[in-house]
file input_29.cif (mmCIF, C-alpha atoms and all ligand atoms)
data_structure
#
loop_
_atom_site.label_atom_id
_atom_site.label_comp_id
_atom_site.auth_asym_id
_atom_site.auth_seq_id
_atom_site.Cartn_x
_atom_site.Cartn_y
_atom_site.Cartn_z
CA MET A 2 103.54 -208.81 21.18
CA THR A 3 105.81 -208.83 24.23
CA THR A 4 108.32 -206.03 24.56
CA VAL A 5 111.57 -206.68 26.43
CA GLY A 6 112.41 -204.28 29.23
CA LEU A 7 116.05 -203.36 29.89
CA THR A 8 117.58 -206.54 31.39
CA ARG A 9 121.25 -207.31 32.07
CA PRO A 10 122.63 -210.31 30.09
CA GLY A 11 122.27 -213.56 32.03
CA THR A 12 119.61 -212.24 34.43
CA VAL A 13 116.48 -214.31 35.05
CA THR A 14 113.47 -212.64 33.46
CA MET A 15 109.71 -212.99 33.75
CA ARG A 16 106.59 -211.90 31.86
CA ALA A 17 104.57 -209.03 33.30
CA LEU A 18 101.62 -206.89 32.18
CA ARG A 19 102.80 -203.35 32.79
CA LEU A 20 101.30 -199.89 32.54
CA THR A 21 103.99 -197.90 30.76
CA THR A 22 102.10 -194.88 29.33
CA TRP A 23 99.02 -193.14 30.77
CA GLY A 24 95.99 -193.60 28.53
CA GLU A 25 97.57 -196.49 26.64
CA PRO A 26 96.67 -200.20 27.13
CA PRO A 27 99.00 -202.13 29.45
CA THR A 28 101.92 -203.82 27.68
CA PRO A 29 102.97 -207.50 27.94
CA THR A 30 106.64 -207.08 28.86
CA ARG A 31 109.60 -209.28 29.81
CA ILE A 32 111.47 -207.82 32.81
CA GLU A 33 114.01 -208.97 35.38
CA ARG A 34 112.56 -211.31 37.99
CA PRO A 35 112.92 -209.45 41.33
CA VAL A 36 115.33 -210.68 44.02
CA PRO A 37 114.00 -210.15 47.58
CA HIS A 38 116.16 -208.15 50.02
CA GLY A 39 115.71 -207.52 53.75
CA ASP A 40 112.28 -208.84 54.82
CA GLU A 41 110.89 -208.85 51.28
CA VAL A 42 109.28 -212.02 49.91
CA LEU A 43 109.07 -213.16 46.28
CA VAL A 44 105.75 -214.90 45.49
CA ARG A 45 105.09 -217.00 42.37
CA THR A 46 101.70 -215.90 41.08
CA GLU A 47 99.04 -218.64 40.78
CA ALA A 48 96.05 -216.37 40.06
CA VAL A 49 95.27 -212.66 39.87
CA GLY A 50 91.79 -211.11 39.85
CA LEU A 51 90.74 -208.30 37.51
CA CYS A 52 88.94 -205.39 39.15
CA HIS A 53 87.04 -202.34 37.85
CA SER A 54 89.75 -200.30 39.54
CA ASP A 55 92.22 -201.77 37.04
CA LEU A 56 90.02 -200.33 34.29
CA HIS A 57 89.92 -197.00 36.12
CA VAL A 58 93.73 -196.95 36.42
CA VAL A 59 94.21 -197.78 32.74
CA ASP A 60 91.38 -195.65 31.30
CA LYS A 61 91.29 -192.60 33.58
CA GLY A 62 94.48 -192.64 35.61
CA ALA A 63 96.33 -189.90 33.75
CA GLY A 64 96.58 -186.80 35.97
CA THR A 65 94.27 -188.31 38.61
CA LEU A 66 96.50 -190.90 40.28
CA PRO A 67 99.84 -190.26 42.03
CA TYR A 68 101.37 -193.44 40.61
CA ARG A 69 104.79 -193.43 38.92
CA LEU A 70 105.07 -195.37 35.65
CA PRO A 71 105.90 -198.04 34.74
CA PHE A 72 104.48 -200.64 37.07
CA THR A 73 102.92 -204.10 36.81
CA LEU A 74 99.15 -204.29 37.31
CA GLY A 75 97.27 -206.77 39.51
CA HIS A 76 96.10 -206.17 43.09
CA GLU A 77 94.10 -209.36 43.75
CA VAL A 78 96.84 -211.98 44.01
CA ALA A 79 97.22 -215.57 45.18
CA GLY A 80 100.39 -217.59 44.84
CA GLN A 81 103.19 -219.55 46.46
CA VAL A 82 106.16 -218.23 48.46
CA ALA A 83 109.17 -218.69 46.14
CA VAL A 84 112.11 -216.86 47.76
CA LEU A 85 112.53 -215.22 51.19
CA GLY A 86 114.64 -212.13 51.79
CA PRO A 87 117.40 -212.68 54.40
CA GLU A 88 115.33 -211.02 57.17
CA ALA A 89 111.91 -212.31 56.06
CA ASP A 90 110.03 -214.48 58.56
CA GLY A 91 106.49 -215.66 59.25
CA VAL A 92 106.13 -217.61 55.99
CA THR A 93 108.00 -220.56 54.48
CA VAL A 94 109.10 -221.33 50.93
CA GLY A 95 106.36 -223.32 49.17
CA GLU A 96 103.58 -221.95 51.40
CA ARG A 97 100.48 -220.88 49.46
CA VAL A 98 99.38 -217.34 50.26
CA VAL A 99 97.35 -214.33 49.22
CA LEU A 100 98.59 -210.75 49.20
CA TYR A 101 97.04 -208.13 51.46
CA GLY A 102 96.88 -205.54 48.68
CA PRO A 103 96.70 -202.06 50.30
CA TRP A 104 100.31 -201.16 51.08
CA GLY A 105 100.62 -198.00 53.21
CA CYS A 106 103.70 -196.26 54.62
CA GLY A 107 104.27 -199.29 56.84
CA THR A 108 105.12 -197.31 59.99
CA CYS A 109 102.18 -195.10 61.04
CA ASP A 110 99.76 -196.28 63.77
CA ARG A 111 97.22 -197.46 61.19
CA CYS A 112 99.77 -199.50 59.19
CA ALA A 113 101.27 -200.92 62.38
CA ALA A 114 97.75 -202.19 63.24
CA GLY A 115 97.34 -203.84 59.83
CA MET A 116 95.06 -201.06 58.61
CA ASP A 117 97.16 -199.94 55.64
CA ASN A 118 93.85 -199.20 53.87
CA TYR A 119 93.57 -196.16 56.18
CA CYS A 120 97.27 -195.24 56.31
CA ASP A 121 97.78 -191.82 57.95
CA ARG A 122 100.37 -190.92 55.31
CA ARG A 123 98.22 -191.98 52.31
CA HIS A 124 98.39 -188.44 50.92
CA THR A 125 102.21 -188.61 50.71
CA LEU A 126 102.43 -191.95 48.91
CA THR A 127 102.72 -192.52 45.14
CA TRP A 128 100.87 -195.84 45.36
CA HIS A 129 97.82 -197.57 46.85
CA GLY A 130 99.48 -200.99 46.88
CA ALA A 131 100.37 -204.02 44.78
CA GLY A 132 99.43 -203.32 41.17
CA LEU A 133 98.35 -199.80 42.12
CA GLY A 134 101.50 -197.78 41.64
CA ARG A 135 103.76 -200.63 42.86
CA ASP A 136 104.51 -203.81 40.88
CA GLY A 137 101.59 -206.21 41.29
CA GLY A 138 100.59 -209.74 40.38
CA MET A 139 99.80 -209.66 36.64
CA ALA A 140 103.18 -211.35 36.25
CA GLU A 141 104.88 -214.68 36.89
CA TYR A 142 106.22 -213.38 40.21
CA VAL A 143 105.44 -210.48 42.53
CA LEU A 144 107.77 -208.94 45.14
CA VAL A 145 106.04 -208.22 48.47
CA PRO A 146 107.62 -205.64 50.84
CA SER A 147 107.10 -207.82 53.94
CA ALA A 148 105.66 -211.16 55.03
CA ARG A 149 103.12 -209.16 57.07
CA TYR A 150 101.34 -208.55 53.76
CA LEU A 151 100.87 -212.32 53.24
CA VAL A 152 98.01 -214.51 54.53
CA PRO A 153 98.27 -218.33 54.29
CA ILE A 154 95.47 -220.03 52.29
CA GLY A 155 96.21 -223.72 52.85
CA ASP A 156 94.59 -225.74 50.03
CA LEU A 157 92.09 -223.05 48.98
CA PRO A 158 92.09 -222.96 45.14
CA ALA A 159 93.93 -219.90 43.80
CA ASP A 160 91.01 -218.74 41.65
CA GLN A 161 88.86 -218.66 44.81
CA ALA A 162 91.54 -217.06 46.98
CA ALA A 163 92.69 -214.22 44.72
CA PRO A 164 89.31 -212.36 44.47
CA LEU A 165 88.88 -212.62 48.24
CA THR A 166 91.78 -210.17 48.69
CA ASP A 167 89.81 -207.31 47.19
CA ALA A 168 86.21 -208.17 46.23
CA GLY A 169 85.88 -210.36 49.32
CA LEU A 170 87.82 -208.15 51.72
CA THR A 171 86.06 -204.97 50.57
CA SER A 172 82.65 -206.58 51.07
CA TYR A 173 83.65 -208.06 54.44
CA HIS A 174 84.97 -204.71 55.69
CA ALA A 175 81.76 -203.00 54.56
CA VAL A 176 79.60 -205.55 56.44
CA ALA A 177 81.84 -205.30 59.52
CA GLY A 178 81.09 -201.57 59.68
CA LEU A 179 77.36 -202.35 59.94
CA ARG A 180 77.53 -204.78 62.86
CA SER A 181 75.99 -202.23 65.24
CA VAL A 182 72.74 -202.02 63.25
CA LEU A 183 72.49 -205.66 62.13
CA GLY A 184 71.05 -207.28 65.22
CA LYS A 185 68.30 -209.91 65.42
CA GLY A 186 65.39 -209.09 63.14
CA ALA A 187 67.42 -206.63 61.04
CA THR A 188 67.10 -206.33 57.27
CA THR A 189 69.86 -205.38 54.83
CA VAL A 190 69.53 -204.38 51.20
CA VAL A 191 72.39 -205.16 48.78
CA ILE A 192 72.22 -203.01 45.65
CA GLY A 193 74.37 -204.44 42.84
CA VAL A 194 75.00 -208.20 42.88
CA GLY A 195 78.22 -208.33 40.88
CA GLY A 196 81.79 -209.23 41.76
CA LEU A 197 81.51 -207.67 45.23
CA GLY A 198 77.75 -207.78 45.86
CA HIS A 199 77.42 -211.54 45.49
CA LEU A 200 80.08 -211.97 48.16
CA ALA A 201 78.40 -209.41 50.42
CA VAL A 202 75.17 -211.46 50.31
CA GLN A 203 77.09 -214.55 51.42
CA ILE A 204 79.07 -212.68 54.09
CA LEU A 205 75.87 -211.15 55.51
CA ARG A 206 74.25 -214.59 55.70
CA ALA A 207 77.36 -216.16 57.21
CA THR A 208 78.19 -213.49 59.80
CA THR A 209 74.94 -211.65 60.69
CA PRO A 210 71.32 -212.58 61.57
CA SER A 211 70.12 -210.09 58.95
CA ARG A 212 67.44 -210.78 56.37
CA VAL A 213 69.01 -209.98 52.97
CA LEU A 214 67.21 -208.25 50.09
CA ALA A 215 69.00 -207.96 46.75
CA VAL A 216 68.47 -205.31 44.06
CA ASP A 217 69.97 -205.27 40.58
CA ILE A 218 69.10 -204.26 37.01
CA ARG A 219 69.69 -207.76 35.62
CA GLU A 220 67.51 -210.86 36.19
CA GLU A 221 70.59 -213.11 36.11
CA ALA A 222 72.09 -211.12 38.98
CA LEU A 223 68.98 -211.77 41.09
CA THR A 224 69.28 -215.47 40.29
CA LEU A 225 72.88 -215.33 41.55
CA ALA A 226 71.70 -213.43 44.65
CA TYR A 227 69.21 -216.17 45.54
CA ARG A 228 71.93 -218.77 44.95
CA CYS A 229 74.12 -216.83 47.39
CA GLY A 230 71.40 -216.84 50.07
CA ALA A 231 69.36 -213.68 49.50
CA HIS A 232 65.82 -213.93 50.95
CA PHE A 233 64.34 -211.67 48.27
CA GLY A 234 65.38 -210.07 44.99
CA ALA A 235 63.94 -207.11 43.08
CA LEU A 236 64.81 -205.42 39.82
CA LEU A 237 65.66 -201.71 40.17
CA ARG A 238 62.42 -199.99 39.07
CA ALA A 239 60.18 -197.10 40.12
CA ASP A 240 58.30 -199.22 42.69
CA THR A 241 61.35 -201.01 44.13
CA GLY A 242 61.20 -198.88 47.28
CA HIS A 243 57.67 -200.10 48.09
CA GLU A 244 58.77 -203.72 47.63
CA LEU A 245 61.79 -203.27 49.87
CA ARG A 246 59.79 -201.58 52.61
CA ALA A 247 57.18 -204.36 52.45
CA GLN A 248 59.98 -206.95 52.67
CA SER A 249 61.44 -205.23 55.73
CA GLY A 250 58.43 -205.31 58.02
CA GLY A 251 57.02 -202.01 56.73
CA VAL A 252 59.67 -199.99 58.63
CA GLY A 253 62.40 -200.11 55.99
CA PRO A 254 65.81 -201.83 55.98
CA ASP A 255 68.28 -201.18 58.81
CA ALA A 256 71.15 -201.01 56.33
CA VAL A 257 71.80 -200.62 52.62
CA LEU A 258 75.05 -201.70 50.96
CA ASP A 259 75.29 -199.84 47.65
CA PHE A 260 77.73 -201.54 45.28
CA ALA A 261 76.48 -199.47 42.32
CA GLY A 262 76.93 -195.97 43.68
CA THR A 263 74.74 -194.26 41.10
CA THR A 264 72.42 -191.36 41.93
CA GLU A 265 69.46 -193.72 41.36
CA SER A 266 70.79 -196.35 43.78
CA LEU A 267 71.74 -193.76 46.40
CA GLU A 268 68.31 -192.11 46.24
CA LEU A 269 66.58 -195.50 46.46
CA ALA A 270 68.65 -196.33 49.55
CA ALA A 271 67.92 -192.99 51.23
CA SER A 272 64.20 -193.29 50.43
CA VAL A 273 63.73 -196.68 52.11
CA LEU A 274 66.19 -196.66 55.01
CA ARG A 275 64.66 -197.09 58.47
CA PRO A 276 65.19 -194.15 60.87
CA GLY A 277 68.60 -194.71 62.49
CA GLY A 278 69.61 -196.83 59.51
CA ALA A 279 72.99 -196.94 57.77
CA LEU A 280 73.93 -196.46 54.12
CA THR A 281 77.31 -197.88 53.10
CA LEU A 282 78.54 -196.64 49.72
CA VAL A 283 81.04 -199.00 48.11
CA GLY A 284 80.39 -198.69 44.35
CA SER A 285 82.21 -196.01 42.35
CA GLY A 286 79.26 -195.16 40.12
CA GLY A 287 79.92 -191.46 40.62
CA GLY A 288 76.35 -190.79 41.81
CA HIS A 289 75.48 -188.13 44.37
CA LEU A 290 73.07 -187.69 47.29
CA THR A 291 72.06 -184.42 48.93
CA VAL A 292 72.75 -184.41 52.66
CA ARG A 293 70.97 -181.42 54.24
CA LYS A 294 68.98 -180.48 57.36
CA PRO A 295 66.09 -180.04 57.18
CA GLY A 296 65.95 -182.51 54.32
CA ALA A 297 64.55 -185.75 53.02
CA LEU A 298 66.97 -188.14 54.73
CA PRO A 299 65.62 -190.33 57.57
CA GLN A 300 66.30 -189.24 61.17
CA GLY A 301 69.51 -190.79 62.44
CA PHE A 302 70.74 -191.50 58.90
CA ARG A 303 74.33 -192.74 58.87
CA LEU A 304 76.63 -192.81 55.82
CA SER A 305 80.00 -194.53 55.39
CA LEU A 306 82.37 -194.91 52.43
CA PRO A 307 84.62 -197.80 53.41
CA PHE A 308 87.81 -198.53 51.48
CA TRP A 309 89.16 -202.04 50.93
CA GLY A 310 89.81 -203.72 54.35
CA THR A 311 92.34 -204.57 57.06
CA ARG A 312 94.92 -207.32 57.17
CA PRO A 313 93.21 -209.09 60.16
CA GLU A 314 89.91 -208.99 58.23
CA LEU A 315 91.60 -210.65 55.24
CA ALA A 316 92.56 -213.57 57.47
CA GLU A 317 88.90 -213.75 58.60
CA VAL A 318 87.66 -213.75 54.97
CA ILE A 319 90.10 -216.55 54.05
CA ALA A 320 88.91 -218.55 57.09
CA LEU A 321 85.27 -218.09 55.99
CA ALA A 322 86.14 -219.35 52.49
CA ARG A 323 88.13 -222.32 53.84
CA SER A 324 85.12 -223.23 56.02
CA GLY A 325 82.93 -223.31 52.87
CA ALA A 326 80.76 -220.41 54.10
CA ILE A 327 81.51 -218.23 51.05
CA ARG A 328 82.33 -219.06 47.44
CA VAL A 329 83.42 -216.72 44.65
CA GLU A 330 81.73 -216.85 41.24
CA THR A 331 84.70 -216.65 38.88
CA GLU A 332 85.57 -216.85 35.21
CA GLN A 333 89.17 -217.93 34.60
CA PHE A 334 91.33 -216.76 31.67
CA PRO A 335 95.00 -217.25 30.70
CA LEU A 336 97.10 -214.23 31.75
CA SER A 337 98.27 -213.97 28.13
CA THR A 338 94.69 -212.98 27.14
CA ALA A 339 94.51 -210.22 29.78
CA LEU A 340 93.93 -207.39 27.26
CA ASP A 341 90.88 -209.19 25.87
CA VAL A 342 89.59 -209.75 29.40
CA PHE A 343 90.01 -206.03 30.17
CA GLU A 344 87.71 -205.43 27.17
CA ARG A 345 85.19 -208.03 28.34
CA LEU A 346 85.07 -206.34 31.75
CA ARG A 347 84.61 -202.92 30.12
CA GLN A 348 81.65 -204.33 28.19
CA GLY A 349 80.12 -206.02 31.25
CA ARG A 350 80.68 -209.46 29.72
CA VAL A 351 82.21 -211.09 32.81
CA ARG A 352 80.10 -213.27 35.10
CA GLY A 353 81.25 -212.79 38.72
CA ARG A 354 84.97 -212.06 39.04
CA ALA A 355 87.48 -212.45 36.19
CA VAL A 356 90.62 -214.30 37.31
CA LEU A 357 93.81 -214.43 35.24
CA VAL A 358 96.07 -217.47 35.52
CA PRO A 359 99.72 -217.29 34.35
CA ASP A 360 100.10 -219.56 31.28
C1 LIG A 401 92.01 -199.65 44.83
C2 LIG A 401 92.72 -198.47 44.68
C3 LIG A 401 92.05 -197.28 44.50
C4 LIG A 401 90.67 -197.27 44.47
C5 LIG A 401 89.97 -198.43 44.61
C6 LIG A 401 90.63 -199.61 44.80
C7 LIG A 401 89.84 -200.87 44.99
O1 LIG A 401 89.87 -201.68 43.88
C8 LIG A 401 90.34 -201.62 46.17
O2 LIG A 401 89.32 -202.51 46.53
ZN ZN A 402 90.10 -203.57 43.25
ZN ZN A 403 100.91 -195.74 57.15
#
call {"tool": "encode", "arguments": {"input": "input_29.cif", "output": "structure tokens"}}
result
Amino acid sequence: MTTVGLTRPGTVTMRALRLTTWGEPPTPTRIERPVPHGDEVLVRTEAVGLCHSDLHVVDKGAGTLPYRLPFTLGHEVAGQVAVLGPEADGVTVGERVVLYGPWGCGTCDRCAAGMDNYCDRRHTLTWHGAGLGRDGGMAEYVLVPSARYLVPIGDLPADQAAPLTDAGLTSYHAVAGLRSVLGKGATTVVIGVGGLGHLAVQILRATTPSRVLAVDIREEALTLAYRCGAHFGALLRADTGHELRAQSGGVGPDAVLDFAGTTESLELAASVLRPGGALTLVGSGGGHLTVRKPGALPQGFRLSLPFWGTRPELAEVIALARSGAIRVETEQFPLSTALDVFERLRQGRVRGRAVLVPD
């Protein structure tokens, strides 16, 4: 059932999936189609990915997120430039684009460098970006504050492009932070081969000389890992650490990318890492790891918790995809079935990344 937001008679409207009440499911709504002003750009949505963060916003956002309701969900967006604001430049009407999703303050040093994901004023903002406190792409159109948040995609299919803006960019940014330890002969473990992990395997193979070992709790995920270029796959069990050490020359992996983020995955990572190795925690599994000296962590242990990615990196991810070096495993669904797809994602019944297509 679609509710109709307050719209003036004669205005052009559009369908949007909006979060209107904390703790309640998002509501299919008809609202006014935005008109771009200044350097804003209106994009017609072609595809929008569904992320576990969308579940977090809907299921646990009350009292934990600074967002102001209502807003339209959807932070993994691909589409076509529909209308330019009078001062907008850098893109043309009809151009196919993706949205760089993390929108910061727009004026601090980090935002000016295209690093809105690490905006210096993040703590003052009531949003994280498109679909995260600001109107996003689970709608027929999405209004983007500036063309600087748009990256051209050429003829890349929308269902491939949309997930690259978050799942792809987050994985790419995480790998980029490991460049210093991933030289010739290095080994990397990827824990969790899901919507992000399967892209991380491909990005590691495409951009580093590293040997790639995959770990997951599901056999089908290991099959996907091998298809994505992993050299070895192991189920997460009591003896996984021995297998990983054996597969990394007996010295242990130089890096671990943890897309699960559970206590079990963190402890496995810390137990196998090579001295001087790096653990990158991406998954929001809520697990914990004790960091103490003296303690059990390897000498020279490094930990990072990267968040999303930068606008220049998004252009690099799109270029990798357009070259054929990476490919997203997706399941496509009509946008009108979004609430069912939210439920499928909650129940772990989505293979790869779920992508919603306006119908
Ligand atoms: C977005 C906003 C807040 C937390 C996490 C996220 C991720 O989905 C972005 O990749
Ligand atoms: Zn996300
Ligand atoms: Zn900023």
call {"tool": "residues_around", "arguments": {"input": "input_29.cif", "residues": "Gly50 in chain A", "least_positions_apart": "2", "cutoff": "12 Å", "atoms": "only C-alpha atoms", "output": "ChimeraX atom specification"}}
result
/A:46-48,52-55,74-80,99-100,102,132,137-140,159-169,196,329-336,339,342-343,346,351,353-359
call {"tool": "closest_atom_pairs", "arguments": {"input": "input_29.cif", "of": "chain A", "to": "ligand ZN 403 (chain A)", "cutoff": "12 Å", "atoms": "only C-alpha atoms and all ligand atoms", "output": "tab-separated table"}}
result
residue	atom	partner	partner_atom	distance
A:Pro103	CA	A:ZN403	ZN	10.2
A:Trp104	CA	A:ZN403	ZN	8.2
A:Gly105	CA	A:ZN403	ZN	4.6
A:Cys106	CA	A:ZN403	ZN	3.8
A:Gly107	CA	A:ZN403	ZN	4.9
A:Thr108	CA	A:ZN403	ZN	5.3
A:Cys109	CA	A:ZN403	ZN	4.1
A:Asp110	CA	A:ZN403	ZN	6.7
A:Arg111	CA	A:ZN403	ZN	5.7
A:Cys112	CA	A:ZN403	ZN	4.4
A:Ala113	CA	A:ZN403	ZN	7.4
A:Ala114	CA	A:ZN403	ZN	9.4
A:Gly115	CA	A:ZN403	ZN	9.2
A:Met116	CA	A:ZN403	ZN	8.0
A:Asp117	CA	A:ZN403	ZN	5.8
A:Asn118	CA	A:ZN403	ZN	8.5
A:Tyr119	CA	A:ZN403	ZN	7.4
A:Cys120	CA	A:ZN403	ZN	3.8
A:Asp121	CA	A:ZN403	ZN	5.1
A:Arg122	CA	A:ZN403	ZN	5.2
A:Arg123	CA	A:ZN403	ZN	6.7
A:His124	CA	A:ZN403	ZN	9.9
A:Thr125	CA	A:ZN403	ZN	9.7
A:Leu126	CA	A:ZN403	ZN	9.2
A:Trp128	CA	A:ZN403	ZN	11.8
A:His129	CA	A:ZN403	ZN	10.9
A:Gly130	CA	A:ZN403	ZN	11.6
call {"tool": "closest_residue", "arguments": {"input": "input_29.cif", "among": "A:Leu258, A:Val273, A:Leu18, A:Val82", "to": "His243 in chain A", "atoms": "all atoms listed in the file"}}
result
A:Val273
call {"tool": "residues_around", "arguments": {"input": "input_29.cif", "residues": "Leu282 in chain A", "least_positions_apart": "2", "cutoff": "9 Å", "atoms": "only C-alpha atoms", "output": "PyMOL selection string"}}
result
chain A and resi 175+257-262+267+280+284-285+304-307
call {"tool": "write_last_selection", "arguments": {"input": "input_29.cif", "atoms": "C-alpha atoms", "output": "CSV table (one decimal), in the coordinates of the input"}}
result
chain,number,residue,atom,x,y,z
A,175,ALA,CA,81.8,-203.0,54.6
A,257,VAL,CA,71.8,-200.6,52.6
A,258,LEU,CA,75.0,-201.7,51.0
A,259,ASP,CA,75.3,-199.8,47.6
A,260,PHE,CA,77.7,-201.5,45.3
A,261,ALA,CA,76.5,-199.5,42.3
A,262,GLY,CA,76.9,-196.0,43.7
A,267,LEU,CA,71.7,-193.8,46.4
A,280,LEU,CA,73.9,-196.5,54.1
A,284,GLY,CA,80.4,-198.7,44.4
A,285,SER,CA,82.2,-196.0,42.4
A,304,LEU,CA,76.6,-192.8,55.8
A,305,SER,CA,80.0,-194.5,55.4
A,306,LEU,CA,82.4,-194.9,52.4
A,307,PRO,CA,84.6,-197.8,53.4
call {"tool": "atom_distance", "arguments": {"input": "input_29.cif", "atom1": "CA of Leu290 in chain A", "atom2": "CA of Arg303 in chain A"}}
result
12.7 Å
call {"tool": "closest_residue", "arguments": {"input": "input_29.cif", "among": "A:Leu70, A:Gly234, A:His174, A:Arg345", "to": "Glu25 in chain A", "atoms": "all atoms listed in the file"}}
result
A:Leu70
call {"tool": "residues_near_point", "arguments": {"input": "input_29.cif", "point": "(83.7, -214.9, 56.6)", "cutoff": "8 Å", "atoms": "all atoms listed in the file", "output": "number ranges by chain"}}
result
A: 173, 204, 207-208, 317-322, 326-327
call {"tool": "atom_distance", "arguments": {"input": "input_29.cif", "atom1": "CA of Leu236 in chain A", "atom2": "CA of Gln348 in chain A"}}
result
20.5 Å
call {"tool": "atom_distance", "arguments": {"input": "input_29.cif", "atom1": "CA of Leu205 in chain A", "atom2": "CA of Arg97 in chain A"}}
result
27.1 Å
call {"tool": "closest_residue", "arguments": {"input": "input_29.cif", "among": "A:Gly11, A:Gly310, A:Gly193, A:Pro87", "to": "ligand ZN 402 (chain A)", "atoms": "all atoms listed in the file"}}
result
A:Gly310
